[in-house]
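Undergrad: I am sharing data22.txt, which consists of compact mmCIF, C-alpha atoms:
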```
# COMPACT_ATOMS: atom_id res chain seq x y z
CA MET S 136 -21.93 -46.07 -42.91
CA PRO S 137 -18.56 -46.96 -41.37
CA GLU S 138 -17.19 -44.76 -38.55
CA PRO S 139 -14.16 -42.66 -39.57
CA ALA S 140 -10.84 -43.92 -38.25
CA ASP S 141 -9.47 -42.26 -35.10
CA ASP S 142 -6.54 -40.81 -36.95
CA ALA S 143 -8.60 -39.38 -39.79
CA PRO S 144 -7.27 -35.90 -40.64
CA GLY S 145 -10.71 -34.30 -40.18
CA GLN S 146 -11.11 -35.72 -36.72
CA GLY S 147 -7.59 -34.63 -35.73
CA LEU S 148 -8.39 -31.10 -36.82
CA GLU S 149 -11.72 -31.20 -34.98
CA LYS S 150 -10.02 -32.35 -31.78
CA ARG S 151 -7.43 -29.55 -31.99
CA LEU S 152 -10.14 -26.96 -32.52
CA GLU S 153 -12.14 -28.40 -29.62
CA ASP S 154 -9.07 -27.89 -27.42
CA VAL S 155 -8.94 -24.26 -28.49
CA VAL S 156 -12.66 -23.81 -27.83
CA SER S 157 -12.26 -25.44 -24.39
CA THR S 158 -9.52 -22.96 -23.55
CA ILE S 159 -11.75 -20.05 -24.59
CA GLN S 160 -14.50 -21.46 -22.37
CA GLU S 161 -12.04 -21.60 -19.48
CA PHE S 162 -11.28 -17.90 -20.04
CA ALA S 163 -15.03 -17.20 -19.94
CA GLU S 164 -15.00 -18.73 -16.46
CA LEU S 165 -12.08 -16.45 -15.52
CA HIS S 166 -9.56 -19.29 -15.58
CA PHE S 167 -6.98 -17.27 -17.45
CA ASP S 168 -4.21 -19.78 -16.79
CA ALA S 169 -5.78 -22.29 -19.20
CA ARG S 170 -3.66 -22.93 -22.31
CA ALA S 171 -4.48 -24.54 -25.65
CA PRO S 172 -1.97 -27.16 -26.84
CA ILE S 173 0.26 -26.04 -29.68
CA GLY S 174 1.43 -28.72 -32.10
CA PRO S 175 4.79 -28.99 -33.81
CA ASP S 176 3.58 -27.93 -37.25
CA GLY S 177 3.15 -24.23 -36.63
CA ASP S 178 0.14 -24.30 -38.95
CA ILE S 179 -2.93 -22.08 -38.86
CA VAL S 180 -4.56 -24.05 -36.01
CA ASP S 181 -1.36 -23.72 -33.97
CA ALA S 182 -1.41 -20.01 -34.74
CA VAL S 183 -5.01 -19.76 -33.49
CA ALA S 184 -4.08 -21.75 -30.36
CA ALA S 185 -1.05 -19.53 -29.74
CA GLY S 186 -3.19 -16.43 -30.26
CA VAL S 187 -5.72 -17.69 -27.73
CA ASN S 188 -2.89 -18.48 -25.32
CA PHE S 189 -1.46 -14.99 -25.79
CA LEU S 190 -4.83 -13.50 -24.96
CA GLY S 191 -4.99 -15.71 -21.88
CA GLU S 192 -1.56 -14.53 -20.76
CA GLU S 193 -2.51 -10.89 -21.25
CA LEU S 194 -5.86 -11.35 -19.51
CA ASP S 195 -4.10 -13.14 -16.64
CA ALA S 196 -1.54 -10.33 -16.33
CA SER S 197 -4.25 -7.63 -16.48
CA PHE S 198 -6.38 -9.48 -13.95
CA ARG S 199 -3.45 -9.82 -11.54
CA GLU S 200 -2.59 -6.15 -12.01
CA ILE S 201 -6.17 -5.14 -11.24
CA GLU S 202 -6.18 -7.41 -8.17
CA ARG S 203 -2.89 -5.87 -7.02
CA ARG S 204 -4.24 -2.35 -7.49
CA VAL S 205 -7.47 -3.20 -5.66
CA ALA S 206 -5.40 -4.68 -2.80
CA ASP S 207 -3.22 -1.54 -2.72
CA ARG S 208 -6.23 0.79 -2.72
CA THR S 209 -7.96 -1.31 -0.06
CA ALA S 210 -4.88 -1.10 2.15
CA GLU S 211 -4.66 2.67 1.59
CA LEU S 212 -8.36 3.01 2.41
CA ALA S 213 -7.92 0.98 5.60
CA ILE S 214 -5.05 3.24 6.70
CA ALA S 215 -7.07 6.36 5.83
CA THR S 216 -10.10 5.02 7.72
CA GLN S 217 -7.92 4.18 10.70
CA ASP S 218 -6.40 7.65 10.58
CA LEU S 219 -9.85 9.23 10.30
CA ALA S 220 -11.11 7.22 13.27
CA ARG S 221 -8.06 8.26 15.28
CA ARG S 222 -8.56 11.92 14.35
CA ALA S 223 -12.26 11.69 15.24
CA LEU S 224 -11.42 10.62 18.78
CA HIS S 225 -8.12 12.35 19.45
CA ASP S 226 -6.80 15.83 19.97
CA GLU S 227 -4.49 16.68 17.09
CA LEU S 228 -1.98 18.68 19.15
CA THR S 229 -1.42 16.47 22.18
CA GLY S 230 -2.55 13.08 20.91
CA LEU S 231 -4.84 12.74 23.93
CA LEU S 232 -8.48 11.74 23.59
CA ASN S 233 -10.82 14.59 22.64
CA ARG S 234 -14.11 15.76 24.10
CA PRO S 235 -16.49 13.27 22.37
CA ALA S 236 -14.21 10.36 23.24
CA LEU S 237 -13.99 11.35 26.91
CA TRP S 238 -17.78 11.81 27.06
CA GLU S 239 -18.13 8.29 25.73
CA HIS S 240 -15.74 6.91 28.36
CA VAL S 241 -17.59 8.67 31.18
CA THR S 242 -20.98 7.51 29.87
CA HIS S 243 -19.70 3.97 29.64
CA ARG S 244 -18.24 4.11 33.15
CA LEU S 245 -21.51 5.46 34.57
CA ALA S 246 -23.40 2.65 32.87
CA LEU S 247 -21.17 0.17 34.70
CA ALA S 248 -21.81 1.81 38.08
CA ASP S 249 -24.20 -0.88 39.25
CA ARG S 250 -21.61 -3.56 38.64
CA ARG S 251 -18.66 -1.74 40.20
CA GLN S 252 -18.19 -1.35 43.92
CA ALA S 253 -15.78 1.55 43.75
CA GLY S 254 -16.86 4.99 42.70
CA LEU S 255 -15.45 7.17 39.94
CA ALA S 256 -14.24 10.73 39.75
CA VAL S 257 -14.11 13.34 37.03
CA LEU S 258 -11.43 16.01 37.29
CA PHE S 259 -11.75 19.22 35.32
CA LEU S 260 -8.33 20.85 34.98
CA ASP S 261 -7.71 24.33 33.62
CA LEU S 262 -4.27 25.93 33.41
CA ASP S 263 -3.87 29.21 35.28
CA ASP S 264 -2.75 32.20 33.20
CA PHE S 265 -2.26 30.18 30.04
CA LYS S 266 -3.29 33.24 28.04
CA LEU S 267 -0.26 35.03 29.46
CA VAL S 268 2.07 32.41 27.97
CA ASN S 269 0.40 32.74 24.58
CA ASP S 270 0.48 36.53 24.70
CA THR S 271 4.10 36.88 25.84
CA LEU S 272 5.85 33.89 24.24
CA GLY S 273 3.60 33.26 21.23
CA HIS S 274 1.24 30.48 20.21
CA ALA S 275 4.02 28.05 19.30
CA ALA S 276 5.32 28.22 22.88
CA GLY S 277 1.75 27.87 24.12
CA ASP S 278 1.34 24.72 22.03
CA ARG S 279 4.62 23.28 23.37
CA LEU S 280 3.41 23.98 26.90
CA LEU S 281 0.13 22.14 26.25
CA VAL S 282 1.99 19.14 24.84
CA GLU S 283 4.28 19.02 27.88
CA VAL S 284 1.34 19.39 30.28
CA ALA S 285 -0.48 16.57 28.49
CA SER S 286 2.59 14.37 28.79
CA ARG S 287 3.02 15.08 32.52
CA LEU S 288 -0.64 14.44 33.26
CA ALA S 289 -0.63 11.20 31.28
CA ASP S 290 2.50 10.04 33.13
CA ALA S 291 0.95 10.85 36.49
CA LEU S 292 -2.25 8.89 35.87
CA ARG S 293 -2.88 5.34 37.03
CA ALA S 294 -3.63 2.46 34.69
CA GLY S 295 -7.33 2.47 33.88
CA ASP S 296 -7.72 6.23 34.24
CA THR S 297 -8.47 8.35 31.17
CA ILE S 298 -7.36 11.81 30.11
CA ALA S 299 -8.60 14.10 27.35
CA ARG S 300 -7.95 17.62 26.13
CA VAL S 301 -11.34 19.22 25.74
CA GLY S 302 -10.51 22.85 25.01
CA GLY S 303 -7.63 25.29 24.65
CA ASP S 304 -6.05 24.74 28.05
CA GLU S 305 -8.76 22.49 29.52
CA PHE S 306 -8.23 18.85 30.36
CA LEU S 307 -10.71 16.30 31.67
CA LEU S 308 -9.67 13.23 33.58
CA LEU S 309 -11.74 10.20 34.47
CA LEU S 310 -10.51 8.27 37.48
CA ASP S 311 -11.93 4.84 36.94
CA GLU S 312 -11.82 3.70 40.54
CA VAL S 313 -11.79 5.89 43.68
CA ALA S 314 -12.55 4.59 47.13
CA THR S 315 -13.39 7.96 48.72
CA PRO S 316 -13.59 11.65 47.78
CA GLU S 317 -10.39 12.14 49.74
CA ALA S 318 -8.60 9.61 47.53
CA ALA S 319 -9.71 11.56 44.45
CA MET S 320 -8.41 14.77 46.02
CA VAL S 321 -5.04 13.10 46.64
CA VAL S 322 -4.84 12.31 42.93
CA ALA S 323 -5.81 15.89 42.07
CA GLU S 324 -3.08 17.25 44.36
CA ARG S 325 -0.55 14.89 42.79
CA LEU S 326 -1.51 16.07 39.29
CA GLY S 327 -1.21 19.67 40.38
CA GLU S 328 2.26 19.01 41.75
CA ALA S 329 3.31 17.21 38.55
CA LEU S 330 2.57 20.38 36.61
CA GLN S 331 4.49 22.72 38.87
CA ALA S 332 8.06 21.88 37.73
CA PRO S 333 9.40 24.61 35.37
CA TYR S 334 8.82 24.43 31.61
CA GLU S 335 11.51 25.42 29.12
CA LEU S 336 9.69 27.51 26.51
CA GLY S 337 11.81 29.15 23.83
CA GLY S 338 14.74 29.85 26.15
CA ASP S 339 12.36 31.02 28.85
CA SER S 340 11.73 29.02 31.99
CA ARG S 341 8.13 29.25 33.18
CA THR S 342 6.17 27.69 35.99
CA VAL S 343 2.53 26.88 35.51
CA THR S 344 -0.24 25.95 37.89
CA ALA S 345 -3.64 24.51 37.26
CA SER S 346 -7.04 24.80 38.93
CA ILE S 347 -8.76 21.46 39.35
CA GLY S 348 -12.41 20.71 40.04
CA VAL S 349 -13.29 17.23 41.31
CA ALA S 350 -16.69 15.53 41.13
CA ILE S 351 -17.33 12.08 42.58
CA GLY S 352 -19.84 9.63 41.14
CA PRO S 353 -21.92 7.86 40.44
CA GLU S 354 -24.25 9.15 43.18
CA SER S 355 -26.13 12.32 42.15
CA PHE S 356 -24.82 12.17 38.60
CA GLY S 357 -26.70 9.98 36.13
CA THR S 358 -25.10 11.36 33.00
CA ALA S 359 -21.73 12.39 31.69
CA ASP S 360 -23.03 15.93 31.19
CA ALA S 361 -24.04 16.15 34.86
CA ILE S 362 -20.82 14.92 36.44
CA ILE S 363 -18.63 16.90 34.03
CA ALA S 364 -20.67 20.07 34.68
CA ALA S 365 -20.17 19.48 38.41
CA ALA S 366 -16.41 19.13 37.99
CA ASP S 367 -16.47 22.28 35.86
CA SER S 368 -18.29 24.22 38.61
CA ALA S 369 -15.76 23.00 41.20
CA MET S 370 -12.91 24.09 38.94
CA TYR S 371 -14.37 27.62 38.75
CA GLU S 372 -14.62 27.68 42.52
CA ALA S 373 -10.92 26.72 42.65
CA LYS S 374 -10.11 29.57 40.23
CA ARG S 375 -12.13 31.97 42.36
CA ARG S 376 -10.11 31.02 45.43
CA GLY S 377 -6.70 31.48 43.79
CA ARG S 378 -4.13 29.63 41.66
CA GLY S 379 -3.00 26.02 41.77
CA LEU S 380 -5.88 24.81 43.93
CA SER S 381 -8.14 21.73 43.84
CA VAL S 382 -11.79 21.86 44.96
CA LEU S 383 -14.21 19.02 45.57
CA TYR S 384 -17.70 19.60 44.19
CA ARG S 385 -20.50 20.26 46.69
CA GLU S 386 -24.17 20.84 46.03
CA GLU S 387 -23.94 24.57 46.67
CA LEU S 388 -21.43 24.96 43.81
CA SER S 389 -24.04 23.78 41.32
CA GLY S 390 -24.13 25.90 38.19
CA LEU S 391 -21.18 28.04 39.25
CA GLN S 392 -19.68 29.76 36.22
CA PRO S 393 -17.04 32.46 35.84
CA MET X 218 30.64 -19.31 -26.87
CA ASP X 219 32.82 -20.88 -29.54
CA HIS X 220 35.53 -18.22 -29.88
CA ASP X 221 36.89 -19.60 -33.16
CA SER X 222 33.59 -19.28 -35.00
CA GLY X 223 32.28 -16.40 -32.87
CA THR X 224 29.03 -18.32 -32.47
CA PHE X 225 27.10 -18.61 -29.28
CA SER X 226 25.34 -21.98 -29.08
CA HIS X 227 22.50 -22.69 -26.70
CA VAL X 228 20.19 -25.67 -26.56
CA LYS X 229 17.39 -23.50 -27.95
CA PHE X 230 19.22 -21.02 -30.16
CA ARG X 231 22.38 -20.06 -32.01
CA MET X 232 23.65 -16.49 -32.17
CA TRP X 233 26.58 -14.87 -33.91
CA LEU X 234 27.86 -11.43 -34.89
CA ARG X 235 28.02 -10.95 -38.63
CA PRO X 236 30.88 -9.00 -40.24
CA ASP X 237 28.44 -6.21 -41.14
CA GLY X 238 27.72 -5.62 -37.42
CA ILE X 239 24.33 -7.31 -37.39
CA VAL X 240 23.66 -9.93 -34.72
CA HIS X 241 21.96 -13.01 -36.09
CA LEU X 242 19.76 -15.14 -33.82
CA VAL X 243 18.18 -18.42 -34.92
CA TRP X 244 15.78 -20.15 -32.59
CA ALA X 245 15.62 -23.94 -32.64
CA ALA X 246 12.59 -25.32 -34.43
CA ARG X 247 9.39 -26.06 -32.54
CA VAL X 248 10.55 -25.55 -29.00
CA ALA X 249 8.74 -23.39 -26.47
CA ILE X 250 10.70 -20.32 -25.37
CA VAL X 251 10.51 -19.24 -21.75
CA VAL X 252 12.04 -16.39 -19.80
CA GLU X 253 15.27 -18.25 -18.99
CA ASP X 254 15.87 -18.67 -22.72
CA ALA X 255 15.18 -14.98 -23.28
CA VAL X 256 17.68 -14.04 -20.56
CA ALA X 257 20.28 -16.38 -22.07
CA ALA X 258 19.79 -14.85 -25.53
CA ILE X 259 20.05 -11.30 -24.18
CA GLU X 260 23.23 -12.17 -22.25
CA ALA X 261 24.68 -13.78 -25.35
CA MET X 262 23.97 -10.65 -27.37
CA ALA X 263 25.54 -8.41 -24.74
CA GLN X 264 28.61 -10.64 -24.79
CA LEU X 265 28.87 -10.57 -28.57
CA THR X 266 28.45 -6.80 -28.92
CA GLY X 267 30.10 -5.70 -25.67
CA GLY X 268 26.79 -4.11 -24.69
CA ARG X 269 26.79 -1.76 -27.69
CA GLN X 270 23.40 -1.18 -29.36
CA SER X 271 23.27 -3.31 -32.49
CA PRO X 272 20.70 -4.39 -35.05
CA LEU X 273 19.31 -7.88 -34.51
CA LEU X 274 18.10 -10.35 -37.11
CA VAL X 275 15.90 -13.03 -35.58
CA ASP X 276 14.91 -16.11 -37.49
CA VAL X 277 11.65 -17.25 -35.95
CA HIS X 278 10.14 -18.96 -38.96
CA GLU X 279 10.16 -22.37 -37.28
CA GLN X 280 10.04 -21.12 -33.73
CA GLY X 281 7.68 -22.60 -31.13
CA PRO X 282 5.52 -20.50 -28.80
CA MET X 283 7.10 -17.82 -26.58
CA ASP X 284 5.46 -17.07 -23.24
CA ARG X 285 4.64 -13.64 -21.81
CA PRO X 286 7.55 -13.37 -19.34
CA ALA X 287 9.96 -14.09 -22.20
CA ARG X 288 8.36 -11.42 -24.41
CA THR X 289 8.42 -8.97 -21.52
CA GLU X 290 12.13 -9.65 -20.93
CA PHE X 291 12.94 -8.94 -24.58
CA THR X 292 10.99 -5.69 -24.41
CA ARG X 293 12.64 -4.71 -21.12
CA ARG X 294 16.14 -5.15 -22.55
CA GLY X 295 15.36 -3.19 -25.69
CA ASP X 296 18.35 -0.99 -24.83
CA LEU X 297 20.68 -3.58 -26.38
CA VAL X 298 19.16 -3.38 -29.86
CA SER X 299 19.00 -0.54 -32.37
CA ALA X 300 16.44 -2.40 -34.52
CA VAL X 301 14.96 -5.89 -34.78
CA ALA X 302 13.97 -7.75 -37.93
CA LEU X 303 11.90 -10.89 -37.43
CA ILE X 304 11.86 -13.42 -40.25
CA VAL X 305 8.56 -15.25 -40.05
CA GLY X 306 7.39 -18.29 -41.93
CA THR X 307 4.63 -20.39 -40.48
CA PRO X 308 1.26 -18.91 -39.50
CA LEU X 309 2.32 -19.50 -35.90
CA SER X 310 5.54 -17.51 -36.18
CA ARG X 311 3.75 -14.72 -38.06
CA LEU X 312 1.10 -14.47 -35.34
CA MET X 313 3.73 -14.41 -32.61
CA GLY X 314 5.65 -11.71 -34.45
CA ASN X 315 2.52 -9.60 -34.85
CA PHE X 316 1.58 -10.15 -31.25
CA PHE X 317 5.04 -9.08 -30.11
CA LEU X 318 4.71 -5.89 -32.18
CA SER X 319 1.19 -4.97 -31.10
CA VAL X 320 1.07 -6.10 -27.48
CA SER X 321 4.64 -6.10 -26.16
CA LYS X 322 5.34 -2.82 -27.98
CA PRO X 323 9.12 -3.01 -28.36
CA VAL X 324 10.94 0.30 -28.02
CA ALA X 325 13.41 -0.31 -30.85
CA PRO X 326 12.11 -0.26 -34.44
CA THR X 327 10.84 -3.77 -35.16
CA ARG X 328 9.49 -5.25 -38.40
CA LEU X 329 8.42 -8.62 -39.78
CA PHE X 330 9.93 -9.99 -42.98
CA ASP X 331 9.30 -13.02 -45.15
CA ASP X 332 12.88 -13.32 -46.33
CA GLU X 333 16.34 -12.77 -44.95
CA ALA X 334 17.62 -10.50 -47.75
CA SER X 335 14.93 -7.87 -47.20
CA ALA X 336 15.46 -8.04 -43.44
CA LEU X 337 19.22 -7.53 -43.77
CA ALA X 338 18.76 -4.64 -46.20
CA TRP X 339 16.48 -2.87 -43.70
CA LEU X 340 18.78 -3.56 -40.74
CA GLN X 341 21.76 -1.97 -42.54
CA GLU X 342 20.18 1.42 -41.78
CA PHE X 343 20.70 0.76 -38.08
CA VAL X 344 24.32 -0.37 -38.07
CA GLY X 345 26.17 2.03 -35.78
```
Could you render the structure from this file as structure tokens?
TA:
Amino acid sequence: MPEPADDAPGQGLEKRLEDVVSTIQEFAELHFDARAPIGPDGDIVDAVAAGVNFLGEELDASFREIERRVADRTAELAIATQDLARRALHDELTGLLNRPALWEHVTHRLALADRRQAGLAVLFLDLDDFKLVNDTLGHAAGDRLLVEVASRLADALRAGDTIARVGGDEFLLLLDEVATPEAAMVVAERLGEALQAPYELGGDSRTVTASIGVAIGPESFGTADAIIAAADSAMYEAKRRGRGLSVLYREELSGLQP
Amino acid sequence: MDHDSGTFSHVKFRMWLRPDGIVHLVWAARVAIVVEDAVAAIEAMAQLTGGRQSPLLVDVHEQGPMDRPARTEFTRRGDLVSAVALIVGTPLSRLMGNFFLSVSKPVAPTRLFDDEASALAWLQEFVG
């Protein structure tokens, strides 16, 4: 039987329909930019091809819209996650690190002790008579005072040192590198002095002092809990002695509490 | 625009304002319409009507395919038309008209017609 001629009407129709089917197959593979050729006749096959193309355009637009929304949500989620991580490690009021974050820093620093020649120091700082500010000027003024104290302490620290707010008016500082206990005490004195300039609180000028306990490591202190507890005990000894004082931890202060 | 005849001529369409206030648009036969053509047609209509909402008669019976951005542009500038009558002829133009109605969802009342007389009669209701 002879082969039909290339331009036989049946074969032309078959070819046009094959083009449409190929386009549908492209869509199945998520290639929504595929388009079926549309002839000049505007006949029923052209209508089918145009219909398939329309579907492709709509699928393409929907797909891009979904991709855009996914990208938007992903970006929002990343920002929220970042914010959550920041909140998990920072004090909301002052923006300083919080207690868990400082503990982590101290633990990390102690772990490096074998590889570092210089020692470290933990300073436990508690404002004197902070309750009086809250009681007389209100909590908003108390909050402003804490923010200002945080700022002054942060400004007074050296690069590499770390500061955290760990309670109402309690701050912990990690001095990353101290040559001697005396050097740590010099830093403590400097921090105490930085806090002594008057604070403007709601039209009222107040002066504030802080009691500071200093513990030197890594000797005697294998954990963050131990060295921070030592600094805490020294701070209570400073409170016991008066206002605006710094005390270096000694063995006999162990376990000292108010 | 040819000011003597009041006809706007474009390589892909002709458009004019009829005495009864209906704008008549005829697309060239068998050419693909893209967004630039849609923008040109919309600008031509705004020029002819001075931006006033008017009924639009569109002869698409020999029209080629119109892509999505072009359809979207016509839908977006629906504020220029009070109603649209599409005269369809070939299966292709009928499908495109139906697709425009069902997918692009024009804001102005839009209907398909097989003949010009019926389309004009319907559009008279929307002459301002």
Undergrad: Compile a residue-level contact table for chain S against chain X at a cut-off of 9 Å, reporting for every qualifying residue the shortest atom pair and its distance in Å to one decimal, with all atoms listed in the file counted, rows ordered by chain and ascending number, as CSV.
TA:
```
residue,atom,partner,partner_atom,distance
S:Ile173,CA,X:Pro282,CA,7.7
S:Gly174,CA,X:Arg247,CA,8.4
S:Pro175,CA,X:Arg247,CA,5.6
S:Asp176,CA,X:Arg247,CA,7.7
S:Gly177,CA,X:Leu309,CA,4.9
S:Asp178,CA,X:Pro308,CA,5.5
S:Ile179,CA,X:Pro308,CA,5.3
S:Val180,CA,X:Leu309,CA,8.2
S:Asp181,CA,X:Leu309,CA,5.9
S:Ala182,CA,X:Leu309,CA,3.9
S:Val183,CA,X:Leu309,CA,7.7
S:Ala184,CA,X:Leu309,CA,8.8
S:Ala185,CA,X:Pro282,CA,6.7
S:Gly186,CA,X:Leu312,CA,6.9
S:Asn188,CA,X:Asp284,CA,8.7
S:Phe189,CA,X:Arg285,CA,7.4
S:Glu192,CA,X:Arg285,CA,6.4
S:Glu193,CA,X:Arg285,CA,7.7
S:Ala196,CA,X:Arg285,CA,8.9
```
Undergrad: Excluding S:Asp226 and any residue of its chain fewer than 3 positions from it, enumerate the residues within 10 Å of it, using all atoms listed in the file, and give them as a ChimeraX atom specification.
TA: /S:221-223,229-234,236,299-302
Undergrad: Could you check which of S:Ile347, S:Ala291, S:Val268, S:Ala206 is closest to S:Ala323, using all atoms listed in the file?
TA: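 Among S:Ile347, S:Ala291, S:Val268, S:Ala206, it is S:Ile347 that comes nearest to S:Ala323.
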Undergrad: Please identify all polymer residues within 7 Å of S:Leu262, counting only C-alpha atoms, omitting same-chain residues fewer than 3 positions from it, and present them as a ChimeraX atom specification.
TA: /S:265,304-305,344-346
Undergrad: Just the number, please: distance in Å from atom CA of X:Val251 to atom CA of X:Val228, one decimal.
TA: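 Taking atom CA of X:Val251 and atom CA of X:Val228, their separation equals 12.6 Å.
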Undergrad: Quick one: distance from atom CA of X:Arg288 to atom CA of X:Arg328 in Å, one decimal?
TA: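 These atoms are spaced 15.3 Å apart.
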Undergrad: In Å, rounded to a single decimal, give me how far atom CA of S:Phe167 is from atom CA of S:Ser197.
TA: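 Answer for the atom CA of S:Ser197 to atom CA of S:Phe167 separation: 10.1 Å.
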Undergrad: Find, counting all atoms listed in the file, the residue in X:Val344, X:Ala325, X:Leu274, X:Leu265 that gets nearest to X:Arg294.
TA: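 Looking only at the distances to X:Arg294, the closest residue turns out to be X:Ala325.
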Undergrad: Box in all listed atoms of stretch 151-170 of chain S, axis-aligned, with 4 Å more on each side; write out centre and edge lengths in Å to one decimal as AutoDock Vina command-line options.
TA:
```
--center_x -9.3 --center_y -23.0 --center_z -24.0 --size_x 19.4 --size_y 21.1 --size_z 25.0
```
Undergrad: I'd like the contact shell of S:Val349 - 7 Å cut-off, all atoms listed in the file, skipping same-chain residues fewer than 6 positions apart - returned as an MDAnalysis selection string.
TA: chainID S and resid 256:259 366 369 382:384
Undergrad: Compare S:Leu307, S:Ala276, S:Ala314, S:Ala215 by their minimum atom-to-atom distance to S:Gln252, counting all atoms listed in the file, and give me the closest one.
TA: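 Looking at the shortest contact to S:Gln252, the residue is S:Ala314.
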Undergrad: Could you pull the residues within 9 Å of stretch 333-342 of chain X, counting all atoms listed in the file, minus those fewer than 3 positions along the same chain, as a list in words?
TA: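 Using all atoms listed in the file, the neighbours found are Asp237, Gly238, Ile239, Pro272, Leu273, Leu274, Asp276, Ser299, Ala300, Val301, Ala302, Leu303, Ile304, Arg328, Leu329, Phe330 and Gly345 of chain X.
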